[in-house]
Each structure stands twice: as structure tokens, then as C-alpha cells.
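Reproduced below: my_file-v1.cif, with mmCIF, C-alpha atoms and all ligand atoms.
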```cif
data_query
#
loop_
_atom_site.label_atom_id
_atom_site.label_comp_id
_atom_site.auth_asym_id
_atom_site.auth_seq_id
_atom_site.Cartn_x
_atom_site.Cartn_y
_atom_site.Cartn_z
CA MET A 229 -63.32 -83.57 86.65
CA SER A 230 -62.64 -80.49 84.53
CA LYS A 231 -61.90 -80.58 80.86
CA ALA A 232 -59.53 -78.78 78.53
CA VAL A 233 -59.39 -78.46 74.78
CA LEU A 234 -55.79 -78.46 73.59
CA ALA A 235 -54.54 -76.85 70.38
CA TYR A 236 -52.61 -79.87 69.23
CA THR A 237 -50.16 -80.41 66.38
CA GLY A 238 -48.97 -83.92 67.16
CA ALA A 239 -45.42 -82.83 68.00
CA LEU A 240 -43.71 -84.09 71.12
CA ASP A 241 -44.16 -80.82 73.03
CA ASN A 242 -47.92 -81.19 72.52
CA LEU A 243 -47.91 -84.77 73.76
CA ILE A 244 -46.23 -83.47 76.88
CA CYS A 245 -49.15 -81.05 77.30
CA ILE A 246 -51.64 -83.93 77.17
CA HIS A 247 -49.59 -85.99 79.61
CA TRP A 248 -49.16 -83.15 82.11
CA LEU A 249 -52.79 -82.01 82.04
CA ARG A 250 -54.05 -85.56 82.50
CA THR A 251 -51.63 -86.97 85.07
CA VAL A 252 -50.47 -83.94 87.04
CA LYS A 253 -53.44 -81.61 86.81
CA ASN A 254 -56.08 -84.28 86.62
CA ILE A 255 -57.81 -82.51 83.74
CA LYS A 256 -59.47 -84.44 80.93
CA VAL A 257 -58.09 -83.52 77.54
CA VAL A 258 -59.78 -83.23 74.18
CA THR A 259 -57.51 -82.21 71.34
CA PHE A 260 -58.09 -80.12 68.26
CA SER A 261 -55.92 -80.35 65.16
CA GLY A 262 -56.80 -78.22 62.17
CA ASN A 263 -55.65 -78.98 58.67
CA PHE A 264 -54.23 -75.70 57.39
CA GLY A 265 -52.18 -77.45 54.73
CA GLN A 266 -49.31 -78.76 56.87
CA PRO A 267 -47.83 -82.08 55.73
CA GLU A 268 -48.74 -84.18 58.80
CA TYR A 269 -51.44 -86.74 58.38
CA LEU A 270 -53.99 -85.72 60.98
CA GLU A 271 -55.73 -89.06 61.54
CA GLU A 272 -52.42 -90.41 62.74
CA VAL A 273 -51.81 -87.32 64.85
CA GLY A 274 -55.22 -87.84 66.46
CA GLU A 275 -54.45 -91.50 67.18
CA ARG A 276 -51.28 -90.45 68.98
CA ALA A 277 -53.31 -88.05 71.15
CA LEU A 278 -55.65 -90.85 72.20
CA GLU A 279 -52.72 -93.17 72.93
CA THR A 280 -51.22 -90.48 75.15
CA GLY A 281 -54.44 -90.17 77.12
CA ALA A 282 -56.72 -87.67 75.40
CA ILE A 283 -60.39 -88.65 75.65
CA SER A 284 -61.23 -87.44 72.17
CA ALA A 285 -59.38 -85.98 69.22
CA HIS A 286 -61.10 -83.52 66.91
CA ILE A 287 -59.73 -82.84 63.47
CA ALA A 288 -61.09 -80.41 60.89
CA ASP A 289 -60.22 -79.27 57.42
CA MET A 290 -59.63 -75.54 57.81
CA ARG A 291 -57.90 -74.94 54.48
CA GLU A 292 -60.62 -73.28 52.44
CA ARG A 293 -61.79 -71.00 55.23
CA PHE A 294 -58.26 -70.10 56.25
CA LEU A 295 -57.29 -69.11 52.72
CA HIS A 296 -60.50 -67.44 51.69
CA ASP A 297 -61.49 -65.56 54.83
CA PHE A 298 -58.05 -64.71 56.17
CA CYS A 299 -55.16 -65.05 53.68
CA PHE A 300 -57.02 -63.59 50.71
CA GLN A 301 -58.28 -60.69 52.82
CA ALA A 302 -54.69 -59.98 53.78
CA LEU A 303 -53.58 -60.37 50.16
CA ARG A 304 -56.19 -57.86 49.00
CA ALA A 305 -54.90 -55.51 51.69
CA GLY A 306 -51.30 -55.98 50.49
CA ALA A 307 -50.42 -57.06 54.03
CA LYS A 308 -46.76 -57.96 54.42
CA TYR A 309 -45.01 -57.41 57.70
CA GLU A 310 -41.80 -55.37 57.65
CA SER A 311 -39.44 -56.80 55.00
CA GLY A 312 -42.00 -59.07 53.40
CA TYR A 313 -43.34 -61.72 55.79
CA VAL A 314 -46.76 -62.67 54.39
CA LEU A 315 -48.06 -63.52 57.88
CA SER A 316 -48.70 -67.21 57.18
CA SER A 317 -48.50 -68.19 60.85
CA ALA A 318 -50.18 -65.07 62.22
CA LEU A 319 -53.17 -65.46 59.88
CA SER A 320 -53.85 -69.02 60.98
CA ARG A 321 -54.40 -68.04 64.62
CA PRO A 322 -57.81 -66.30 64.40
CA PRO A 323 -59.54 -69.32 62.76
CA LEU A 324 -57.71 -71.62 65.17
CA ALA A 325 -59.04 -69.64 68.14
CA GLN A 326 -62.57 -69.69 66.70
CA GLU A 327 -62.45 -73.45 66.34
CA LEU A 328 -61.03 -74.00 69.83
CA VAL A 329 -63.86 -71.96 71.31
CA ARG A 330 -66.44 -73.86 69.28
CA ILE A 331 -65.11 -77.20 70.55
CA ALA A 332 -64.79 -75.92 74.11
CA ARG A 333 -68.52 -75.09 74.03
CA GLU A 334 -69.49 -78.35 72.38
CA GLU A 335 -67.47 -80.43 74.83
CA GLY A 336 -68.21 -78.31 77.90
CA CYS A 337 -64.56 -77.38 78.57
CA GLU A 338 -63.53 -74.94 81.22
CA PHE A 339 -59.95 -74.63 79.90
CA VAL A 340 -58.21 -74.01 76.64
CA ALA A 341 -54.62 -75.25 76.53
CA HIS A 342 -51.81 -74.53 74.12
CA GLY A 343 -48.18 -75.49 73.67
CA CYS A 344 -46.53 -72.05 73.71
CA ARG A 345 -43.47 -71.86 75.94
CA GLY A 346 -43.31 -68.24 76.95
CA ILE A 347 -44.50 -64.79 76.12
CA GLY A 348 -44.01 -65.04 72.37
CA ASN A 349 -45.91 -63.94 69.30
CA ASP A 350 -48.00 -67.09 69.07
CA GLN A 351 -48.90 -66.99 72.73
CA VAL A 352 -49.89 -63.30 72.63
CA ARG A 353 -52.03 -63.82 69.53
CA LEU A 354 -53.78 -66.96 70.63
CA GLU A 355 -54.51 -65.75 74.13
CA SER A 356 -55.76 -62.37 72.96
CA TYR A 357 -58.09 -64.05 70.45
CA LEU A 358 -59.37 -66.45 73.09
CA HIS A 359 -59.97 -63.60 75.52
CA THR A 360 -61.89 -61.68 72.88
CA LEU A 361 -64.00 -64.59 71.69
CA ALA A 362 -64.63 -66.31 75.04
CA PRO A 363 -63.53 -64.29 78.07
CA ASP A 364 -64.90 -66.94 80.45
CA LEU A 365 -62.56 -69.72 79.29
CA LYS A 366 -59.41 -70.21 81.33
CA ILE A 367 -56.15 -70.50 79.47
CA VAL A 368 -53.42 -72.92 80.46
CA ALA A 369 -49.95 -73.25 78.94
CA PRO A 370 -48.44 -76.51 80.22
CA LEU A 371 -44.93 -76.06 78.79
CA PHE A 372 -44.70 -72.63 80.36
CA GLU A 373 -45.90 -73.99 83.71
CA LEU A 374 -43.43 -76.84 83.47
CA GLY A 375 -40.58 -74.50 82.57
CA LEU A 376 -39.65 -76.54 79.48
CA LYS A 377 -37.67 -74.20 77.25
CA THR A 378 -35.80 -76.24 74.69
CA PRO A 379 -36.28 -79.42 72.66
CA GLU A 380 -33.67 -81.00 74.98
CA ASP A 381 -35.91 -80.26 77.98
CA ASP A 382 -38.76 -81.95 76.12
CA GLU A 383 -36.60 -84.97 75.42
CA ALA A 384 -35.77 -85.33 79.07
CA TYR A 385 -39.46 -85.16 80.01
CA ALA A 386 -40.35 -87.68 77.28
CA LYS A 387 -37.67 -90.08 78.47
CA ARG A 388 -38.80 -89.87 82.04
CA TRP A 389 -42.43 -90.58 81.20
CA ASN A 390 -41.82 -92.90 78.31
CA LEU A 391 -43.45 -90.73 75.68
CA PRO A 392 -42.64 -91.08 71.97
CA ARG A 393 -39.46 -89.21 70.95
CA ALA A 394 -39.06 -86.24 68.63
CA THR A 395 -37.47 -86.61 65.21
CA ASN A 396 -34.10 -84.99 64.48
CA ARG A 397 -35.72 -82.37 62.33
CA GLN A 398 -38.15 -81.43 65.07
CA MET A 399 -35.15 -81.02 67.35
CA ARG A 400 -33.34 -78.67 64.97
CA TYR A 401 -36.10 -76.38 63.75
CA ASN A 402 -39.30 -74.93 64.99
CA VAL A 403 -41.46 -75.32 61.89
CA ASP A 404 -44.90 -73.88 61.35
CA GLN A 405 -46.21 -74.74 57.91
CA ASN A 406 -49.49 -74.13 56.15
CA LEU A 407 -50.73 -73.39 52.63
CA TRP A 408 -49.82 -69.71 52.89
CA GLY A 409 -46.22 -70.42 53.81
CA VAL A 410 -43.78 -71.90 56.24
CA ALA A 411 -41.89 -70.30 59.11
CA LEU A 412 -38.63 -71.96 60.11
CA GLN A 413 -36.90 -70.93 63.27
CA LEU A 414 -33.24 -71.81 63.48
CA GLY A 415 -32.94 -71.44 67.22
CA PRO A 416 -31.76 -68.46 69.24
CA ARG A 417 -28.09 -69.41 69.10
CA ALA A 418 -27.84 -69.65 65.31
CA ASP A 419 -25.16 -67.31 63.92
CA LEU A 420 -26.69 -64.37 62.04
CA TRP A 421 -23.73 -64.37 59.68
CA VAL A 422 -24.15 -67.98 58.61
CA GLU A 423 -26.32 -68.85 55.65
CA PRO A 424 -28.92 -71.49 56.56
CA PRO A 425 -28.02 -74.88 55.06
CA ASP A 426 -30.01 -75.80 51.97
CA ASP A 427 -31.92 -78.54 53.74
CA THR A 428 -33.47 -75.88 55.97
CA TYR A 429 -35.95 -75.10 53.24
CA ILE A 430 -38.90 -77.41 52.78
CA MET A 431 -41.24 -75.86 50.22
CA THR A 432 -38.94 -74.43 47.56
CA ARG A 433 -36.19 -75.94 45.43
CA ARG A 434 -32.73 -74.54 45.66
CA ILE A 435 -32.10 -71.78 43.13
CA SER A 436 -29.41 -73.75 41.31
CA ASP A 437 -31.97 -76.52 40.67
CA ALA A 438 -34.65 -74.22 39.26
CA PRO A 439 -35.25 -74.55 35.50
CA ASP A 440 -33.19 -72.15 33.32
CA LYS A 441 -35.92 -71.91 30.76
CA PRO A 442 -38.36 -69.18 31.80
CA THR A 443 -42.06 -69.80 32.09
CA TYR A 444 -45.02 -67.40 32.08
CA VAL A 445 -48.17 -67.42 34.12
CA GLU A 446 -51.18 -65.11 33.91
CA ILE A 447 -53.11 -64.40 37.07
CA GLY A 448 -56.54 -62.82 36.77
CA PHE A 449 -58.06 -60.74 39.58
CA GLU A 450 -61.56 -59.54 40.37
CA ALA A 451 -61.96 -56.73 42.88
CA GLY A 452 -58.54 -57.44 44.33
CA LEU A 453 -58.88 -61.23 44.63
CA PRO A 454 -57.16 -63.79 42.39
CA VAL A 455 -59.67 -65.84 40.39
CA THR A 456 -58.05 -67.22 37.24
CA ILE A 457 -54.80 -68.88 36.19
CA ASP A 458 -53.99 -68.59 32.49
CA GLY A 459 -57.58 -67.61 31.80
CA GLU A 460 -59.14 -70.52 33.67
CA ARG A 461 -61.38 -69.96 36.64
CA THR A 462 -59.66 -71.47 39.68
CA GLY A 463 -60.99 -72.06 43.20
CA THR A 464 -59.21 -70.63 46.23
CA MET A 465 -57.39 -73.78 47.26
CA ASP A 466 -56.45 -74.72 43.71
CA MET A 467 -55.14 -71.23 43.14
CA VAL A 468 -52.82 -71.41 46.13
CA GLU A 469 -51.74 -75.00 45.57
CA THR A 470 -50.94 -74.39 41.90
CA MET A 471 -49.02 -71.21 42.66
CA ASN A 472 -47.14 -72.96 45.45
CA ARG A 473 -46.09 -75.71 43.07
CA LEU A 474 -45.02 -73.31 40.37
CA GLY A 475 -43.22 -70.94 42.70
CA ALA A 476 -41.49 -73.81 44.49
CA GLN A 477 -40.27 -75.22 41.19
CA TYR A 478 -38.74 -71.85 40.27
CA ALA A 479 -37.39 -71.30 43.79
CA VAL A 480 -39.23 -68.06 44.49
CA GLY A 481 -40.60 -66.83 47.79
CA ARG A 482 -37.67 -67.46 50.15
CA LEU A 483 -36.93 -64.90 52.84
CA ASP A 484 -34.25 -64.63 55.51
CA VAL A 485 -35.03 -61.62 57.68
CA ILE A 486 -34.64 -59.95 61.02
CA GLU A 487 -38.10 -59.26 62.38
CA ASP A 488 -39.42 -57.13 65.23
CA ARG A 489 -41.45 -59.38 67.47
CA ILE A 490 -44.45 -58.18 69.46
CA SER A 491 -42.29 -58.08 72.58
CA GLY A 492 -39.90 -55.64 70.91
CA LEU A 493 -37.06 -58.14 70.52
CA LYS A 494 -35.54 -58.73 67.13
CA ALA A 495 -35.44 -62.29 65.83
CA ARG A 496 -34.16 -63.96 62.72
CA GLU A 497 -36.85 -65.68 60.71
CA ILE A 498 -36.69 -67.89 57.66
CA TYR A 499 -39.79 -68.06 55.51
CA GLU A 500 -40.93 -69.70 52.32
CA ALA A 501 -44.14 -68.60 50.68
CA PRO A 502 -44.09 -69.23 46.93
CA ALA A 503 -47.80 -68.76 46.22
CA ALA A 504 -48.21 -65.76 48.47
CA HIS A 505 -45.12 -64.15 46.95
CA LEU A 506 -46.42 -64.51 43.38
CA LEU A 507 -49.96 -63.46 44.23
CA HIS A 508 -48.83 -60.36 46.14
CA GLN A 509 -46.50 -59.40 43.32
CA ALA A 510 -49.24 -59.70 40.69
CA HIS A 511 -51.80 -57.96 42.88
CA THR A 512 -49.56 -54.95 43.48
CA ALA A 513 -48.84 -54.68 39.76
CA LEU A 514 -52.56 -54.48 39.06
CA GLU A 515 -53.05 -51.86 41.74
CA GLU A 516 -50.35 -49.72 40.14
CA LEU A 517 -52.42 -49.73 36.98
CA THR A 518 -55.89 -49.24 38.42
CA LEU A 519 -55.59 -47.10 41.57
CA ASP A 520 -55.23 -43.36 41.31
CA LYS A 521 -52.18 -41.75 42.86
CA ASP A 522 -53.72 -40.61 46.17
CA VAL A 523 -55.32 -43.98 46.80
CA PHE A 524 -52.27 -45.95 45.70
CA GLN A 525 -49.95 -44.05 47.99
CA PHE A 526 -52.30 -44.11 50.96
CA ARG A 527 -52.93 -47.80 50.35
CA ASP A 528 -49.29 -48.32 51.29
CA VAL A 529 -49.92 -46.84 54.71
CA THR A 530 -53.04 -48.95 55.25
CA ALA A 531 -51.32 -52.12 54.01
CA ARG A 532 -48.58 -51.65 56.61
CA ARG A 533 -51.12 -51.07 59.35
CA TYR A 534 -53.09 -54.11 58.24
CA ALA A 535 -49.98 -56.29 58.40
CA ASP A 536 -49.12 -54.88 61.79
CA LEU A 537 -52.54 -55.59 63.24
CA VAL A 538 -52.48 -59.16 61.95
CA TYR A 539 -49.01 -59.57 63.41
CA ARG A 540 -50.05 -58.25 66.80
CA GLY A 541 -53.13 -60.48 67.04
CA LYS A 542 -55.79 -57.82 66.47
CA TRP A 543 -57.94 -59.53 63.87
CA PHE A 544 -61.20 -59.32 65.80
CA THR A 545 -61.20 -55.55 66.17
CA PRO A 546 -63.13 -52.59 64.73
CA PHE A 547 -59.82 -51.39 63.27
CA ARG A 548 -59.54 -54.45 61.05
CA GLU A 549 -63.17 -54.18 60.03
CA ALA A 550 -62.70 -50.52 59.18
CA LEU A 551 -59.61 -51.22 57.12
CA ASP A 552 -61.48 -53.99 55.30
CA ALA A 553 -64.23 -51.49 54.51
CA TRP A 554 -61.57 -49.17 53.02
CA PHE A 555 -60.24 -52.03 50.91
CA ASP A 556 -63.81 -52.95 49.85
CA VAL A 557 -63.97 -49.51 48.27
CA ILE A 558 -60.52 -49.07 46.80
CA GLU A 559 -60.22 -52.62 45.45
CA ARG A 560 -63.50 -52.42 43.50
CA ASN A 561 -61.66 -51.69 40.27
CA VAL A 562 -58.65 -53.92 40.87
CA THR A 563 -59.80 -56.28 38.15
CA GLY A 564 -57.63 -57.48 35.31
CA THR A 565 -54.73 -59.76 34.51
CA VAL A 566 -51.03 -59.75 35.29
CA LYS A 567 -48.42 -61.74 33.44
CA LEU A 568 -45.46 -63.00 35.45
CA LYS A 569 -42.23 -64.43 34.12
CA LEU A 570 -40.52 -67.01 36.32
CA MET A 571 -36.93 -68.13 35.99
CA GLY A 572 -34.22 -69.46 38.28
CA GLY A 573 -35.08 -67.94 41.64
CA THR A 574 -36.99 -64.85 40.52
CA SER A 575 -40.34 -63.72 39.21
CA LEU A 576 -40.91 -60.54 37.22
CA VAL A 577 -44.02 -58.66 36.23
CA VAL A 578 -43.92 -58.47 32.45
CA GLY A 579 -47.48 -57.59 31.47
CA ARG A 580 -50.70 -56.17 32.87
CA GLN A 581 -54.13 -55.30 31.52
CA SER A 582 -57.40 -54.12 33.01
CA PRO A 583 -60.76 -52.77 31.90
CA HIS A 584 -60.20 -50.11 34.59
CA SER A 585 -56.69 -49.19 33.53
CA LEU A 586 -55.82 -45.57 34.26
CA TYR A 587 -52.91 -45.69 31.85
CA LYS A 588 -53.52 -43.37 28.91
CA SER A 589 -50.93 -44.07 26.27
CA GLU A 590 -52.24 -41.32 23.96
CA MET A 591 -51.28 -38.68 26.53
CA LEU A 592 -47.75 -39.88 27.09
CA SER A 593 -44.49 -39.30 25.33
CA TYR A 594 -40.88 -39.99 26.16
CA ASP A 595 -39.97 -36.43 26.95
CA GLY A 596 -42.31 -35.23 29.63
CA ASP A 597 -45.95 -35.73 28.76
CA VAL A 598 -45.76 -33.47 25.72
CA GLU A 599 -49.22 -34.32 24.54
CA ARG A 600 -50.71 -33.13 27.76
CA THR A 601 -48.77 -29.82 27.74
CA THR A 602 -49.79 -29.19 24.18
CA ARG A 603 -53.40 -29.77 25.07
CA ARG A 604 -53.21 -27.42 28.00
CA LYS A 605 -51.64 -24.77 25.80
CA ARG A 606 -54.35 -25.22 23.22
CA SER A 607 -57.12 -24.89 25.73
CA LEU A 608 -55.55 -21.74 27.16
CA GLU A 609 -55.38 -20.31 23.68
CA SER A 610 -59.06 -20.91 23.08
CA GLU A 611 -60.00 -19.30 26.40
CA HIS A 612 -57.87 -16.22 25.97
CA GLY A 613 -57.84 -15.62 22.26
CA SER A 614 -54.94 -16.64 20.13
CA LYS A 615 -52.18 -16.04 22.66
CA PRO A 616 -51.85 -17.10 26.28
CA PRO A 617 -52.20 -14.07 28.56
CA SER A 618 -48.97 -12.36 29.37
CA THR A 619 -47.98 -12.12 32.99
CA ARG A 620 -46.07 -8.91 32.43
CA ARG A 621 -47.83 -5.57 32.39
CA ASP A 622 -46.82 -3.45 29.47
N1 LIG B 701 -42.30 -65.09 63.41
C1 LIG B 701 -43.48 -65.58 62.81
C2 LIG B 701 -44.69 -65.00 63.43
O1 LIG B 701 -44.61 -64.52 64.53
C3 LIG B 701 -43.49 -67.08 62.79
C4 LIG B 701 -43.99 -67.78 63.98
C5 LIG B 701 -43.88 -69.22 63.75
N2 LIG B 701 -44.34 -70.01 64.83
C6 LIG B 701 -43.83 -71.20 65.14
N3 LIG B 701 -44.37 -71.81 66.12
N4 LIG B 701 -42.83 -71.69 64.49
O2 LIG B 701 -45.76 -64.96 62.85
#
```
Please go through the file and, once you have read it, give me the structure as C-alpha cells.
Amino acid sequence: MSKAVLAYTGALDNLICIHWLRTVKNIKVVTFSGNFGQPEYLEEVGERALETGAISAHIADMRERFLHDFCFQALRAGAKYESGYVLSSALSRPPLAQELVRIAREEGCEFVAHGCRGIGNDQVRLESYLHTLAPDLKIVAPLFELGLKTPEDDEAYAKRWNLPRATNRQMRYNVDQNLWGVALQLGPRADLWVEPPDDTYIMTRRISDAPDKPTYVEIGFEAGLPVTIDGERTGTMDMVETMNRLGAQYAVGRLDVIEDRISGLKAREIYEAPAAHLLHQAHTALEELTLDKDVFQFRDVTARRYADLVYRGKWFTPFREALDAWFDVIERNVTGTVKLKLMGGTSLVVGRQSPHSLYKSEMLSYDGDVERTTRRKRSLESEHGSKPPSTRRD
């Protein structure tokens, strides 16, 4: 009997995958659930997989690796997609694919299964990563095969086969949450003109509940990566968790955007990413101070391309490696500290310092870099005698 490893979140649509593979396709199922910082308790999620017929349920703590090897690389690269999506979902797919392949090998699986419903971003990314990492594994998408398109379709299937039911929230939103942020999909029929209700948001407070009294936080960077909070050395996970808490309290990092999907269709997306928002903001402020003009401007181009490649599922490519090599070089001097001020719904950069600062206060003045012009005039005078050479022939 053949075996499949299923990328499994514990949601009803994933239970349907287990049920269908096992009973209709006669394929044994092992599940994999990675902890990327989503709120679900994975032991319980694993239990549910076994109750639904999986033969084993793997769970793994992916948080440190996900943040350090993927999110922080993207942060260093300034990678935000289009109007500011920090790629929280997109960045979790390469490590997920790696882990699925590892388990497939360990368990001797011929198939990898996932719960994508159609040709969407997640499906394109996951399948392209699986193809790259393990071209011999066959991919199966049960919900797609079954033609289940909506949560109502899932409900009908669950009722028929007596599977546990989805919660109301699961019915209303398609939520993908991890430590780098949360993506909330309102459903294709949601009116673009209508503001999402406040209970849509799950990480951040509403702006009217954020404290009026401002607070300050200092984030220290070394070679483009955040390493200290208020002068204290902070590990990767602590850094992100602390910034998430702080940002959430001050209601920063919300985004309601129209986004160009891989397929070319536009979709409305709601995101919350308090930590990523603050860290990107501070990182860019430090780059302004430490990168020279050519590099800073070209960095914009490369940051966009980096975001785009992450979005399109091209992590395991020479292009990404080459861009990382570029960032290895240009981020060398992005070391220093940025002070942010947080208050009701916003964060502002209010201070920056760096041992590699390119800011030369002694050469500046209010009215057009006078100091510098004076210097140039003086040096011309010393080269050409007391007066600058005249351009007119007498
Ligand atoms: N639009 C985002 C992306 O493509 C979010 C995807 C979220 N996925 C989900 N299953 N809710 O990266």
C-alpha cells in the first residue's frame, strides 16, 4: 500500500484530505505539522489526525529556523511585496517543503499531499519547491481532486462522513498565521468598499484601544540583522515575539491591500505583521544612514526583486543566492541603532546612530551645503593661485 505525507494544519479541509486519501485512494497517510508560531496546539492537532485515520503524526518546532534562515534574510533584503506585504506566508513554504521531503524519505512515501484547492499562490509555491527538492515524489491535492471549493462544500463532506465540524471563524476567514505575520482572506465575494470588521484582526489591538502615551524602543542591528532591544542582546525568537507584543499593543502593522497574485489576478488581502513592520522600518532607517547613494538606490531594485522571487516561490534558485551574496556585501556596514517612537496606531523613526554613519554634520548647512562649496572654492584657489581661473578669454 502506498504512503503519502500530508502537509497538515488540523483544519477541517485537512481532515478531509486524510479521509479521502485513506478511504477512497487507499493510501496510508502520515501527517506533518510544523510550529511556525500559529496559535494551534499541535499535540492536539496530531491527535485529531490519528483519530481521522493517519498512521502517524509528525510535529516539529520550525520557529527558530523559519525566522532566522528565511524571515531575517528577507528582512535584511528589505523584501516587501508590492504595497508592503512582508511575505509571512510565502516565506514559510520553503522550510515546509524541506521538512515534507525529509519526512517522505524517512517514512518511505511515494506521495506528498497538500490541502490547496486550486491553482493559487500556495499551491504554486509548494509544488515548485517540492519539484525542485525531490522531483521523484508525486504530488496529490485531494481538495482539488474532490472539487471542494468553499467551506460550505467542506461542511457537506464532513457531514456525510461524520468528520468533526469547522468553527465559525474557520468558515468566515482563511487564516494563515505565523510569527512573521498573519494573512486573513475575507472571501472572494467580500465588498472592496467595506471596511473589514474589527474582529477580523487577530494580532493587533484596534487603534482606538492603543495607549495614547507614546513609548520608545531602540533596535540594534549588526550587518543588517536585528540583535538588540534597548541595548540588550536578544535571540531571534525573542526579538520577534517582543516586537510583535509591542507592535500589537500600539496597533501597528495592519495592512488592507489589493495584491497581484502569481496567476495575474488581483485579490484583496488583509495582513497584520507588527514585528516585521517595526523591524523593516528600523532597518531601512539604518540603511539610509550607512549605505552610499548608488547602493541605497539600487538596493531598492534588488529588494523588490527579492520580494517578487519569494512571492513566486523561487527560493531555491541561483537568483536568490546571488541576491543574498549582494546583500552580504552591501549590508556589511548596516550596523547601529534606531530609535522608534510608538503611539496610537503608528511608529516613527526618531533617532539613528552608527559607527559607519555617512552623515557628516560638519559639511552641512541649511542653505545648500555651504561648507562644501566653500571648501571647493578654497581648493580651486590654491591650485590656480589666488583667483579661480576665468572662463572668459580676455
Ligand atoms: N496572499 C498571501 C500570499 O500569497 C497570503 C496567502 C495566505 N494563505 C492562506 N492559506 N491563507 O502569500
Please, which residues in segment 423-496 of chain A fall within 8 Å of segment 347-353 of chain A when counting all atoms listed in the file, and what is the closest atom pair and distance in Å to one decimal for each, ordered by chain then residue number, as CSV?
```
residue,atom,partner,partner_atom,distance
A:Arg489,CA,A:Asn349,CA,6.6
A:Ile490,CA,A:Asn349,CA,5.9
A:Ser491,CA,A:Gly348,CA,7.2
```
Mind dumping the selected residues with C-alpha atoms as a short mmCIF file (atom, residue, chain, number, x, y, z; two decimals), in the coordinates of the input?
```cif
data_model
loop_
_atom_site.label_atom_id
_atom_site.label_comp_id
_atom_site.auth_asym_id
_atom_site.auth_seq_id
_atom_site.Cartn_x
_atom_site.Cartn_y
_atom_site.Cartn_z
CA ARG A 489 -41.45 -59.38 67.47
CA ILE A 490 -44.45 -58.18 69.46
CA SER A 491 -42.29 -58.08 72.58
#
```
Env. residues ligand LIG 701 (chain B) / 7 Å / all atoms listed in the file / as a list of chain:residue names
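Those residues are A:Leu315, A:Ser316, A:Ser317, A:Ala318, A:Asn349, A:Asp350, A:Asn402, A:Val403, A:Asp404, A:Ala411, A:Leu412, A:Gln413, A:Arg489, A:Glu497, A:Tyr539.
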Within 10 Å of Ala232 of chain A, counting all atoms listed in the file, which residues show up once you throw out same-chain ones fewer than 5 positions away? Write them as a compact mmCIF listing (two decimals) with C-alpha atoms, in the coordinates of the input, please.
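Wrote out-v3.txt, looks like this:
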```txt
# COMPACT_ATOMS: atom_id res chain seq x y z
CA ILE A 246 -51.64 -83.93 77.17
CA LEU A 249 -52.79 -82.01 82.04
CA ARG A 250 -54.05 -85.56 82.50
CA ILE A 255 -57.81 -82.51 83.74
CA LYS A 256 -59.47 -84.44 80.93
CA VAL A 257 -58.09 -83.52 77.54
CA VAL A 258 -59.78 -83.23 74.18
CA THR A 259 -57.51 -82.21 71.34
CA ALA A 282 -56.72 -87.67 75.40
CA ILE A 331 -65.11 -77.20 70.55
CA ALA A 332 -64.79 -75.92 74.11
CA GLU A 335 -67.47 -80.43 74.83
CA GLY A 336 -68.21 -78.31 77.90
CA CYS A 337 -64.56 -77.38 78.57
CA GLU A 338 -63.53 -74.94 81.22
CA PHE A 339 -59.95 -74.63 79.90
CA VAL A 340 -58.21 -74.01 76.64
CA ALA A 341 -54.62 -75.25 76.53
CA HIS A 342 -51.81 -74.53 74.12
CA LEU A 365 -62.56 -69.72 79.29
CA LYS A 366 -59.41 -70.21 81.33
CA ILE A 367 -56.15 -70.50 79.47
CA VAL A 368 -53.42 -72.92 80.46
```
Exercise for the section: Dump as a list in words all residues having an atom at most 9 Å from (-51.3, -86.5, 63.4), computed in the file's coordinates with only C-alpha atoms. Expected result: Tyr236, Thr237, Gly238, Ala239, Ser261, Glu268, Tyr269, Leu270, Glu271, Glu272, Val273, Gly274, Glu275, Arg276 and Ala277 of chain A
Practice item. Could you please give me, as a PyMOL selection string, the residues of protein, DNA or RNA lying at most 10 Å from (-53.7, -56.6, 69.7) in the coordinate frame of the file, considering only C-alpha atoms? Key: chain A and resi 352-353+356-357+490+536-545
Pick from A:Glu383, A:Ile558, A:Arg461, A:Ile430: nearest to Lys521 of chain A, with all atoms listed in the file counted?
->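 Result for the nearest residue to Lys521 of chain A: A:Ile558.
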